[in-house]
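As stored in final21.cif (mmCIF, C-alpha atoms):
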```
data_input
loop_
_atom_site.label_atom_id
_atom_site.label_comp_id
_atom_site.auth_asym_id
_atom_site.auth_seq_id
_atom_site.Cartn_x
_atom_site.Cartn_y
_atom_site.Cartn_z
CA MET A 579 25.07 93.93 16.06
CA ALA A 580 27.35 96.88 16.73
CA GLY A 581 27.07 99.23 19.71
CA TYR A 582 26.63 102.97 19.18
CA LYS A 583 25.93 105.99 21.35
CA CYS A 584 23.33 108.50 20.26
CA GLY A 585 24.87 111.92 19.62
CA LEU A 586 21.80 113.71 21.01
CA CYS A 587 20.33 111.71 23.92
CA LYS A 588 23.64 109.83 24.69
CA LYS A 589 21.80 106.52 25.09
CA SER A 590 23.40 103.27 23.96
CA VAL A 591 21.73 101.62 20.99
CA LYS A 592 22.54 98.58 18.91
CA PHE A 593 22.19 98.30 15.17
CA ASP A 594 22.81 95.65 12.60
CA VAL A 595 25.46 97.11 10.30
CA LYS A 596 23.59 95.70 7.29
CA ASN A 597 20.68 98.07 8.00
CA ILE A 598 20.25 101.01 5.66
CA GLY A 599 19.57 104.17 7.63
CA MET A 600 20.01 104.41 11.38
CA GLN A 601 17.74 106.35 13.69
CA CYS A 602 17.73 106.53 17.48
CA PRO A 603 14.66 104.69 18.82
CA TYR A 604 14.50 107.12 21.79
CA CYS A 605 14.93 110.57 20.23
CA GLY A 606 15.02 110.05 16.47
CA SER A 607 18.50 111.51 16.02
CA LYS A 608 20.63 110.21 13.13
CA ILE A 609 24.07 111.06 14.58
CA PHE A 610 25.88 108.23 16.37
CA TYR A 611 29.27 107.61 17.91
CA LYS A 612 30.76 104.14 17.86
CA GLU A 613 31.19 102.82 21.40
CA ARG A 614 34.54 101.65 22.65
CA PRO A 615 34.69 97.83 23.03
CA THR A 616 34.68 96.66 26.66
CA VAL A 617 37.84 94.58 26.14
CA SER A 618 41.24 95.97 27.13
CA LYS A 619 43.65 97.14 24.45
CA LYS A 620 47.37 96.37 24.69
CA ILE A 621 49.72 98.72 22.89
CA LYS A 622 53.44 99.37 22.84
CA SER A 623 54.69 102.76 23.84
CA ILE A 624 56.72 103.98 20.84
CA MET B 1395 94.28 112.02 34.55
CA LYS B 1396 92.95 114.60 37.02
CA VAL B 1397 89.22 115.04 37.57
CA ASP B 1398 87.91 118.11 39.32
CA ILE B 1399 84.20 118.39 40.05
CA LYS B 1400 83.10 121.93 39.27
CA GLU B 1401 79.40 121.34 39.88
CA LEU B 1402 77.49 118.28 41.06
CA LYS B 1403 73.73 118.52 41.50
CA PRO B 1404 71.22 115.63 41.42
CA LYS B 1405 70.42 116.40 37.77
CA LYS B 1406 73.50 118.27 36.54
CA ALA B 1407 77.26 117.86 36.60
CA VAL B 1408 80.23 119.86 35.33
CA LEU B 1409 83.63 118.17 35.45
CA LYS B 1410 87.05 119.57 34.65
CA ILE B 1411 89.24 116.78 33.30
CA GLU B 1412 92.96 117.27 32.74
CA ASP B 1413 95.69 115.11 31.17
CA THR B 1414 93.20 113.28 28.99
CA GLN B 1415 92.40 112.88 25.31
CA LEU B 1416 89.34 113.97 23.36
CA TYR B 1417 88.54 110.46 22.11
CA PHE B 1418 88.19 109.21 25.69
CA ILE B 1419 85.74 111.95 26.70
CA ASN B 1420 83.81 111.44 23.47
CA SER B 1421 83.55 107.69 24.17
CA LEU B 1422 82.13 108.49 27.60
CA ARG B 1423 79.68 110.96 26.08
CA ARG B 1424 78.46 108.42 23.52
CA ILE B 1425 78.08 105.71 26.19
CA MET B 1426 75.88 108.12 28.16
CA LEU B 1427 73.68 108.72 25.14
CA SER B 1428 73.30 105.23 23.76
CA GLU B 1429 74.38 102.53 26.22
CA LEU B 1430 73.35 103.68 29.68
CA PRO B 1431 70.21 101.77 30.78
CA LYS B 1432 67.17 103.35 32.40
CA LEU B 1433 63.54 102.48 33.07
CA ALA B 1434 60.81 103.63 30.72
CA ILE B 1435 57.21 102.64 30.12
CA ASP B 1436 57.03 100.14 27.27
CA GLY B 1437 53.75 98.24 27.43
CA VAL B 1438 50.40 99.94 28.03
CA VAL B 1439 47.08 98.16 28.66
CA ILE B 1440 44.21 100.59 28.19
CA TYR B 1441 40.93 99.57 29.83
CA ASP B 1442 39.05 102.76 29.12
CA ASN B 1443 39.90 106.00 27.40
CA THR B 1444 37.14 108.49 26.68
CA SER B 1445 39.55 111.45 26.56
CA ALA B 1446 40.11 113.57 23.47
CA LEU B 1447 43.42 111.82 22.67
CA PHE B 1448 43.96 108.49 20.92
CA ASP B 1449 45.31 105.55 22.94
CA GLU B 1450 48.54 105.65 20.92
CA ILE B 1451 49.24 109.31 21.72
CA ILE B 1452 48.68 108.70 25.44
CA SER B 1453 50.97 105.64 25.41
CA HIS B 1454 53.66 107.65 23.59
CA ARG B 1455 53.44 110.41 26.23
CA LEU B 1456 53.61 107.82 29.02
CA GLY B 1457 56.76 106.37 27.49
CA LEU B 1458 58.58 109.69 27.81
CA ILE B 1459 57.98 110.09 31.58
CA PRO B 1460 61.26 109.76 33.52
CA ILE B 1461 61.03 106.92 36.03
CA PRO B 1462 63.47 106.74 38.96
CA THR B 1463 65.80 103.84 38.20
CA ASP B 1464 67.84 101.74 40.58
CA LEU B 1465 70.17 99.79 38.31
CA SER B 1466 71.30 97.50 41.15
CA LEU B 1467 67.77 96.06 41.51
CA LEU B 1468 66.82 95.47 37.89
CA THR B 1469 67.88 93.36 34.93
CA PHE B 1470 66.98 93.56 31.27
CA LYS B 1471 63.74 91.73 30.44
CA ASP B 1472 65.36 89.49 27.82
CA GLN B 1473 68.19 88.51 30.23
CA CYS B 1474 65.91 87.90 33.23
CA VAL B 1475 65.29 84.51 34.85
CA CYS B 1476 61.59 84.85 33.90
CA LYS B 1477 62.67 84.58 30.23
CA GLY B 1478 60.88 87.78 29.20
CA LYS B 1479 57.53 87.02 30.83
CA GLY B 1480 57.89 89.96 33.22
CA CYS B 1481 58.67 89.64 36.93
CA PRO B 1482 59.65 92.07 39.75
CA ASN B 1483 63.32 91.63 38.75
CA CYS B 1484 62.81 93.14 35.31
CA THR B 1485 59.43 94.91 35.25
CA VAL B 1486 57.89 97.74 37.28
CA ARG B 1487 54.12 98.09 37.08
CA TYR B 1488 51.97 101.21 37.46
CA THR B 1489 48.23 101.79 37.32
CA LEU B 1490 46.33 104.95 36.48
CA SER B 1491 42.66 105.63 37.04
CA LYS B 1492 41.17 109.09 36.74
CA GLU B 1493 37.72 110.37 35.93
CA GLY B 1494 36.19 113.81 35.62
CA GLU B 1495 37.37 117.35 34.97
CA GLY B 1496 41.09 117.93 35.40
CA THR B 1497 44.53 117.15 34.05
CA VAL B 1498 46.00 113.67 34.30
CA LEU B 1499 49.55 114.10 35.58
CA SER B 1500 52.48 111.70 35.71
CA GLY B 1501 52.08 111.67 39.51
CA ASP B 1502 48.68 109.95 39.04
CA LEU B 1503 50.52 106.76 38.04
CA GLN B 1504 50.42 104.51 41.12
CA ALA B 1505 53.45 102.27 41.50
CA SER B 1506 53.08 98.64 42.58
CA GLU B 1507 55.78 99.38 45.19
CA LYS B 1508 56.38 102.72 46.92
CA SER B 1509 60.10 102.70 46.09
CA TRP B 1510 59.26 103.14 42.38
CA LYS B 1511 57.11 106.24 42.94
CA ILE B 1512 57.47 108.75 40.12
CA THR B 1513 59.43 111.78 41.29
CA GLU B 1514 58.70 114.00 38.28
CA ASP B 1515 55.01 114.07 39.18
CA LYS B 1516 53.85 117.27 37.47
CA ILE B 1517 54.14 116.20 33.83
CA PRO B 1518 50.75 116.59 32.11
CA ILE B 1519 49.51 113.61 30.08
CA VAL B 1520 45.99 114.54 29.01
CA ARG B 1521 43.22 116.97 30.00
CA LEU B 1522 39.88 115.38 30.90
CA TYR B 1523 36.60 117.25 30.46
CA GLY B 1524 33.15 116.50 31.88
CA GLU B 1525 32.78 112.81 32.63
CA GLN B 1526 35.74 111.65 30.54
CA ARG B 1527 37.89 108.95 32.08
CA LEU B 1528 41.21 107.22 31.64
CA ILE B 1529 41.93 103.81 33.13
CA LEU B 1530 45.12 102.00 32.24
CA GLU B 1531 47.96 99.81 33.42
CA VAL B 1532 51.57 100.14 32.32
CA GLU B 1533 54.80 98.24 32.66
CA ALA B 1534 58.21 99.87 32.68
CA VAL B 1535 61.31 97.96 31.61
CA LEU B 1536 65.02 98.68 31.28
CA GLY B 1537 66.27 99.80 27.91
CA ARG B 1538 69.06 101.68 26.17
CA GLY B 1539 69.09 105.01 24.37
CA LYS B 1540 70.22 103.37 21.11
CA ASP B 1541 66.87 101.50 20.96
CA HIS B 1542 64.57 104.46 21.66
CA ALA B 1543 65.03 108.03 22.91
CA LYS B 1544 62.70 107.30 25.87
CA TRP B 1545 65.54 105.20 27.32
CA GLN B 1546 68.02 108.08 27.13
CA SER B 1547 68.56 109.49 30.60
CA VAL B 1548 71.23 112.08 29.73
CA GLN B 1549 70.52 115.33 27.95
CA ALA B 1550 73.06 117.43 26.13
CA PRO B 1551 76.34 115.83 27.25
CA ALA B 1552 79.00 118.19 25.91
CA TYR B 1553 82.68 118.92 26.24
CA ARG B 1554 84.74 122.01 25.66
CA MET B 1555 88.48 122.33 25.36
CA ASP B 1556 90.29 124.94 27.46
CA ILE B 1557 91.20 128.02 25.46
CA SER B 1558 94.05 130.45 25.46
CA ILE B 1559 93.67 133.69 23.49
CA GLU B 1560 96.95 135.26 22.44
CA PHE B 1561 97.62 138.41 20.46
CA ASP B 1562 100.39 140.39 18.81
CA LYS B 1563 101.68 142.74 21.54
CA SER B 1564 102.48 145.48 19.03
CA LYS B 1565 98.76 145.77 18.26
CA ILE B 1566 97.52 146.23 21.82
CA GLU B 1567 95.46 149.32 20.87
CA ASP B 1568 93.61 147.30 18.19
CA VAL B 1569 93.00 144.51 20.71
CA LYS B 1570 91.52 147.03 23.18
CA ARG B 1571 89.26 148.31 20.38
CA ILE B 1572 88.06 144.73 19.67
CA ILE B 1573 87.36 144.10 23.37
CA LYS B 1574 85.26 147.27 23.50
CA LYS B 1575 83.11 145.84 20.71
CA LEU B 1576 82.27 142.79 22.83
CA PRO B 1577 79.41 142.81 25.36
CA GLU B 1578 80.58 144.66 28.46
CA GLY B 1579 82.67 142.76 30.98
CA ILE B 1580 83.06 139.42 29.17
CA ALA B 1581 86.74 139.86 28.24
CA ASP B 1582 89.81 141.46 29.74
CA ILE B 1583 93.56 141.66 29.06
CA LYS B 1584 95.79 139.89 31.60
CA ASN B 1585 99.49 138.96 31.20
CA ASP B 1586 99.50 139.60 27.44
CA LYS B 1587 96.48 137.36 26.94
CA ILE B 1588 92.78 137.94 26.45
CA VAL B 1589 90.89 136.32 29.30
CA LEU B 1590 87.21 135.51 28.96
CA LYS B 1591 85.21 135.60 32.19
CA ASP B 1592 82.84 133.01 30.74
CA GLU B 1593 84.36 130.68 28.14
CA THR B 1594 80.94 129.95 26.63
CA LYS B 1595 81.03 133.53 25.28
CA LEU B 1596 83.94 132.67 22.94
CA PRO B 1597 81.69 132.69 19.82
CA ALA B 1598 81.10 136.43 20.39
CA LEU B 1599 84.84 137.08 20.05
CA GLU B 1600 85.27 134.57 17.21
CA SER B 1601 82.52 136.21 15.17
CA ILE B 1602 84.33 139.57 15.35
CA ILE B 1603 87.64 137.89 14.41
CA ASP B 1604 85.95 136.30 11.37
CA LYS B 1605 84.04 139.40 10.35
CA GLU B 1606 87.01 141.78 10.49
CA LYS B 1607 89.49 139.14 9.23
CA ILE B 1608 91.77 139.74 12.22
CA ASP B 1609 95.10 137.91 12.16
CA PHE B 1610 96.73 139.34 15.30
CA ILE B 1611 94.46 137.43 17.72
CA THR B 1612 94.82 133.64 17.91
CA VAL B 1613 92.51 131.33 19.81
CA LYS B 1614 94.35 128.17 20.88
CA HIS B 1615 92.53 125.07 22.13
CA ASP B 1616 94.13 122.64 24.56
CA PRO B 1617 92.79 119.10 23.86
CA THR B 1618 94.23 117.73 27.13
CA LYS B 1619 92.16 120.03 29.38
CA ILE B 1620 88.44 119.52 28.97
CA THR B 1621 85.29 120.78 30.66
CA PHE B 1622 82.63 118.10 30.42
CA SER B 1623 79.02 118.86 31.31
CA PHE B 1624 75.71 117.00 31.15
CA GLU B 1625 72.21 116.97 32.58
CA THR B 1626 69.89 114.07 33.38
CA ASP B 1627 66.12 113.76 33.10
CA GLY B 1628 65.82 112.74 36.75
CA SER B 1629 65.65 108.97 36.26
CA LEU B 1630 69.29 108.63 37.34
CA THR B 1631 71.36 111.04 39.41
CA ALA B 1632 74.28 112.80 37.72
CA LYS B 1633 76.70 110.85 39.94
CA ASP B 1634 75.13 107.50 38.96
CA VAL B 1635 75.29 108.48 35.30
CA ILE B 1636 79.03 109.14 35.31
CA VAL B 1637 79.87 106.08 37.45
CA GLU B 1638 77.69 103.66 35.44
CA SER B 1639 78.90 105.06 32.10
CA ALA B 1640 82.52 104.58 33.17
CA LYS B 1641 81.70 100.98 34.18
CA ILE B 1642 80.11 100.24 30.80
CA LEU B 1643 83.09 101.75 28.97
CA GLU B 1644 85.46 99.64 31.09
CA GLN B 1645 83.45 96.48 30.29
CA LYS B 1646 83.65 97.27 26.58
CA TYR B 1647 87.44 97.73 26.69
CA THR B 1648 87.81 94.50 28.73
CA GLU B 1649 85.71 92.59 26.18
CA PHE B 1650 87.77 94.09 23.33
CA VAL B 1651 91.05 92.97 24.94
CA LYS B 1652 89.54 89.50 25.54
CA GLN B 1653 88.60 89.21 21.87
CA LEU B 1654 92.07 90.31 20.80
CA LYS B 1655 93.73 87.72 23.03
CA ALA B 1656 91.61 85.00 21.42
CA LEU B 1657 93.09 85.83 17.99
#
```

Show me this structure written as structure tokens.
Amino acid sequence: MAGYKCGLCKKSVKFDVKNIGMQCPYCGSKIFYKERPTVSKKIKSI
Amino acid sequence: MKVDIKELKPKKAVLKIEDTQLYFINSLRRIMLSELPKLAIDGVVIYDNTSALFDEIISHRLGLIPIPTDLSLLTFKDQCVCKGKGCPNCTVRYTLSKEGEGTVLSGDLQASEKSWKITEDKIPIVRLYGEQRLILEVEAVLGRGKDHAKWQSVQAPAYRMDISIEFDKSKIEDVKRIIKKLPEGIADIKNDKIVLKDETKLPALESIIDKEKIDFITVKHDPTKITFSFETDGSLTAKDVIVESAKILEQKYTEFVKQLKAL
């Protein structure tokens, strides 16, 4: 299950990536943004 | 060798060096660019970044922030007693946490100790809109300019030889005509020589000499009298830069002699 944020109502929703067609259960929008993982990210400054 | 300090500011120095050779000044210049150590942000741990910029762009910008460096307190991470794990002897840590409308500035980086506070605190990193936020932790380590430009504390180190502009005395009227062509007040005739009020304006005269193919004016350079100037990014003072660079150069010559003796 991957976490997404609805582009319209901004609520967090979870979908199984195997699903065909994604729709927000709250507002019905079909535009989603992938949420940033809660883990920290270590990068080198180059 | 005679060294005369023409200008010494925290971030700028102009030295007049006499009885020297070009190769020596050039060695010093190259040491400043590639061998002189300074602190710079190397590792970035990003906890949250909802700004418009990618993590990598932000970490790159953080790396270029000049951090005040005290070379007497720090060692290189790979030569430290902690064996590269990161300890107060080799690593300086900063945290940044900002949320909401506004610009994240270099001054928002909070040092683990007050003595490492960033002095160049008005450098913009990223603009945050609405409820965007940026939370991260960074570690700054010593490095050298030859490894990455972020570890280069000196900008534009340059030297200029003293000049003497002579001319054929029988063509004084032509010389006066040439001087009139130059921007007003930059050159004058004194004791059968052309004297420039500002030697950096020499290209203006040289371009006229080249264009009109003039052979009665000769520009002579003296390689034993040199004006050496440089600026720093604020991580080290101009005085520290020249003293530390001279020390590094001395160490290199000492090592070279040691190697030769072993032959």

Each chain B residue no farther than 6 Å from chain A, nearest pair in Å, only C-alpha atoms, as CSV:
```
residue,atom,partner,partner_atom,distance
B:Asp1436,CA,A:Ser623,CA,4.9
B:Gly1437,CA,A:Lys622,CA,4.7
B:Val1438,CA,A:Ile621,CA,5.3
B:Val1439,CA,A:Lys620,CA,4.4
B:Ile1440,CA,A:Lys619,CA,5.1
B:Tyr1441,CA,A:Ser618,CA,4.5
B:Ser1453,CA,A:Ser623,CA,5.0
B:His1454,CA,A:Ser623,CA,5.0
B:Gly1457,CA,A:Ser623,CA,5.5
```

* So which residues get picked by the PyMOL selection byres ((chain B and resi 1445) around 12) here, written as a list in words? -> Arg614 of chain A; Ile1440, Asp1442, Asn1443, Thr1444, Ala1446, Leu1447, Phe1448, Asp1449, Ile1451, Ile1452, Lys1492, Glu1493, Gly1494, Glu1495, Gly1496, Thr1497, Val1498, Ile1519, Val1520, Arg1521, Leu1522, Tyr1523, Gly1524, Glu1525, Gln1526, Arg1527, Leu1528 and Ile1529 of chain B

* To do: I need the residue set behind the PyMOL selection byres ((chain B and resi 1629) around 10) for this file; please write it as a list of chain:residue names.
  =>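 After applying the PyMOL selection byres ((chain B and resi 1629) around 10), what remains is B:Lys1405, B:Lys1432, B:Leu1433, B:Ala1434, B:Ile1459, B:Pro1460, B:Ile1461, B:Pro1462, B:Thr1463, B:Asp1464, B:Ile1512, B:Thr1513, B:Glu1514, B:Trp1545, B:Gln1546, B:Ser1547, B:Val1548, B:Thr1626, B:Asp1627, B:Gly1628, B:Leu1630, B:Thr1631, B:Ala1632, B:Asp1634, B:Val1635.
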
* How far is it from atom CA of B:Leu1643 to atom CA of B:Ile1425, in Å with one decimal? -> 7.0 Å

With the PyMOL selection byres ((chain B and resi 1467) around 12) as the selection, what would be picked from this file? Answer as a PDB file with C-alpha atoms, keeping the file's coordinate frame, please.
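Now in selection-v8.pdb:
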```pdb
ATOM      1  CA  LYS B1432      67.170 103.350  32.400  1.00  0.00           C
ATOM      2  CA  LEU B1433      63.540 102.480  33.070  1.00  0.00           C
ATOM      3  CA  PRO B1462      63.470 106.740  38.960  1.00  0.00           C
ATOM      4  CA  THR B1463      65.800 103.840  38.200  1.00  0.00           C
ATOM      5  CA  ASP B1464      67.840 101.740  40.580  1.00  0.00           C
ATOM      6  CA  LEU B1465      70.170  99.790  38.310  1.00  0.00           C
ATOM      7  CA  SER B1466      71.300  97.500  41.150  1.00  0.00           C
ATOM      8  CA  LEU B1468      66.820  95.470  37.890  1.00  0.00           C
ATOM      9  CA  THR B1469      67.880  93.360  34.930  1.00  0.00           C
ATOM     10  CA  PHE B1470      66.980  93.560  31.270  1.00  0.00           C
ATOM     11  CA  CYS B1474      65.910  87.900  33.230  1.00  0.00           C
ATOM     12  CA  PRO B1482      59.650  92.070  39.750  1.00  0.00           C
ATOM     13  CA  ASN B1483      63.320  91.630  38.750  1.00  0.00           C
ATOM     14  CA  CYS B1484      62.810  93.140  35.310  1.00  0.00           C
ATOM     15  CA  THR B1485      59.430  94.910  35.250  1.00  0.00           C
ATOM     16  CA  VAL B1486      57.890  97.740  37.280  1.00  0.00           C
ATOM     17  CA  SER B1509      60.100 102.700  46.090  1.00  0.00           C
ATOM     18  CA  TRP B1510      59.260 103.140  42.380  1.00  0.00           C
ATOM     19  CA  VAL B1535      61.310  97.960  31.610  1.00  0.00           C
ATOM     20  CA  LEU B1536      65.020  98.680  31.280  1.00  0.00           C
TER      21      LEU B1536
END
```

* Polymer residues at most 9 Å from stretch 603-611 of chain A, all atoms listed in the file, same-chain spacing of 5 or more positions, as a ChimeraX atom specification -> /A:581-589,591

* To do: Work out how far atom CA of B:Arg1538 is from atom CA of B:Ala1407, in Å to one decimal.
  => 20.9 Å

* **Residues near stretch 1592-1609 of chain B, cut-off 8 Å, all atoms listed in the file, skip fewer than 6 positions along chain, as a ChimeraX atom specification** => /B:1557,1572,1576,1580

Expected file contents, prior selection, C-alpha atoms, as an mmCIF file, in the frame of the given file:
```cif
data_model
loop_
_atom_site.group_PDB
_atom_site.id
_atom_site.type_symbol
_atom_site.label_atom_id
_atom_site.label_comp_id
_atom_site.auth_asym_id
_atom_site.auth_seq_id
_atom_site.Cartn_x
_atom_site.Cartn_y
_atom_site.Cartn_z
ATOM 1 C CA ILE B 1557 91.200 128.020 25.460
ATOM 2 C CA ILE B 1572 88.060 144.730 19.670
ATOM 3 C CA LEU B 1576 82.270 142.790 22.830
ATOM 4 C CA ILE B 1580 83.060 139.420 29.170
#
```

Could you write out as lines of an AutoDock Vina configuration file the box around stretch 589-607 of chain A (axis-aligned, all atoms listed in the file, 5 Å on each side), with centre and edge lengths in Å to one decimal?
```
center_x = 20.0
center_y = 103.6
center_z = 15.4
size_x = 21.0
size_y = 25.9
size_z = 29.4
```

Using only C-alpha atoms, what residues lie at most 12 Å away from (23.5, 97.8, 12.3) (file coordinates), given as a PDB file with C-alpha atoms, in the frame of the given file?
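Written output follows (selection13.pdb):
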```pdb
ATOM      1  CA  MET A 579      25.070  93.930  16.060  1.00  0.00           C
ATOM      2  CA  ALA A 580      27.350  96.880  16.730  1.00  0.00           C
ATOM      3  CA  GLY A 581      27.070  99.230  19.710  1.00  0.00           C
ATOM      4  CA  TYR A 582      26.630 102.970  19.180  1.00  0.00           C
ATOM      5  CA  VAL A 591      21.730 101.620  20.990  1.00  0.00           C
ATOM      6  CA  LYS A 592      22.540  98.580  18.910  1.00  0.00           C
ATOM      7  CA  PHE A 593      22.190  98.300  15.170  1.00  0.00           C
ATOM      8  CA  ASP A 594      22.810  95.650  12.600  1.00  0.00           C
ATOM      9  CA  VAL A 595      25.460  97.110  10.300  1.00  0.00           C
ATOM     10  CA  LYS A 596      23.590  95.700   7.290  1.00  0.00           C
ATOM     11  CA  ASN A 597      20.680  98.070   8.000  1.00  0.00           C
ATOM     12  CA  ILE A 598      20.250 101.010   5.660  1.00  0.00           C
ATOM     13  CA  GLY A 599      19.570 104.170   7.630  1.00  0.00           C
ATOM     14  CA  MET A 600      20.010 104.410  11.380  1.00  0.00           C
ATOM     15  CA  GLN A 601      17.740 106.350  13.690  1.00  0.00           C
ATOM     16  CA  CYS A 602      17.730 106.530  17.480  1.00  0.00           C
ATOM     17  CA  PHE A 610      25.880 108.230  16.370  1.00  0.00           C
ATOM     18  CA  LYS A 612      30.760 104.140  17.860  1.00  0.00           C
TER      19      LYS A 612
END
```

* Quick one, how far is atom CA of B:Thr1414 from atom CA of B:Val1397? ->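 Atom-to-atom, atom CA of B:Thr1414 and atom CA of B:Val1397 are spaced 9.6 Å apart.
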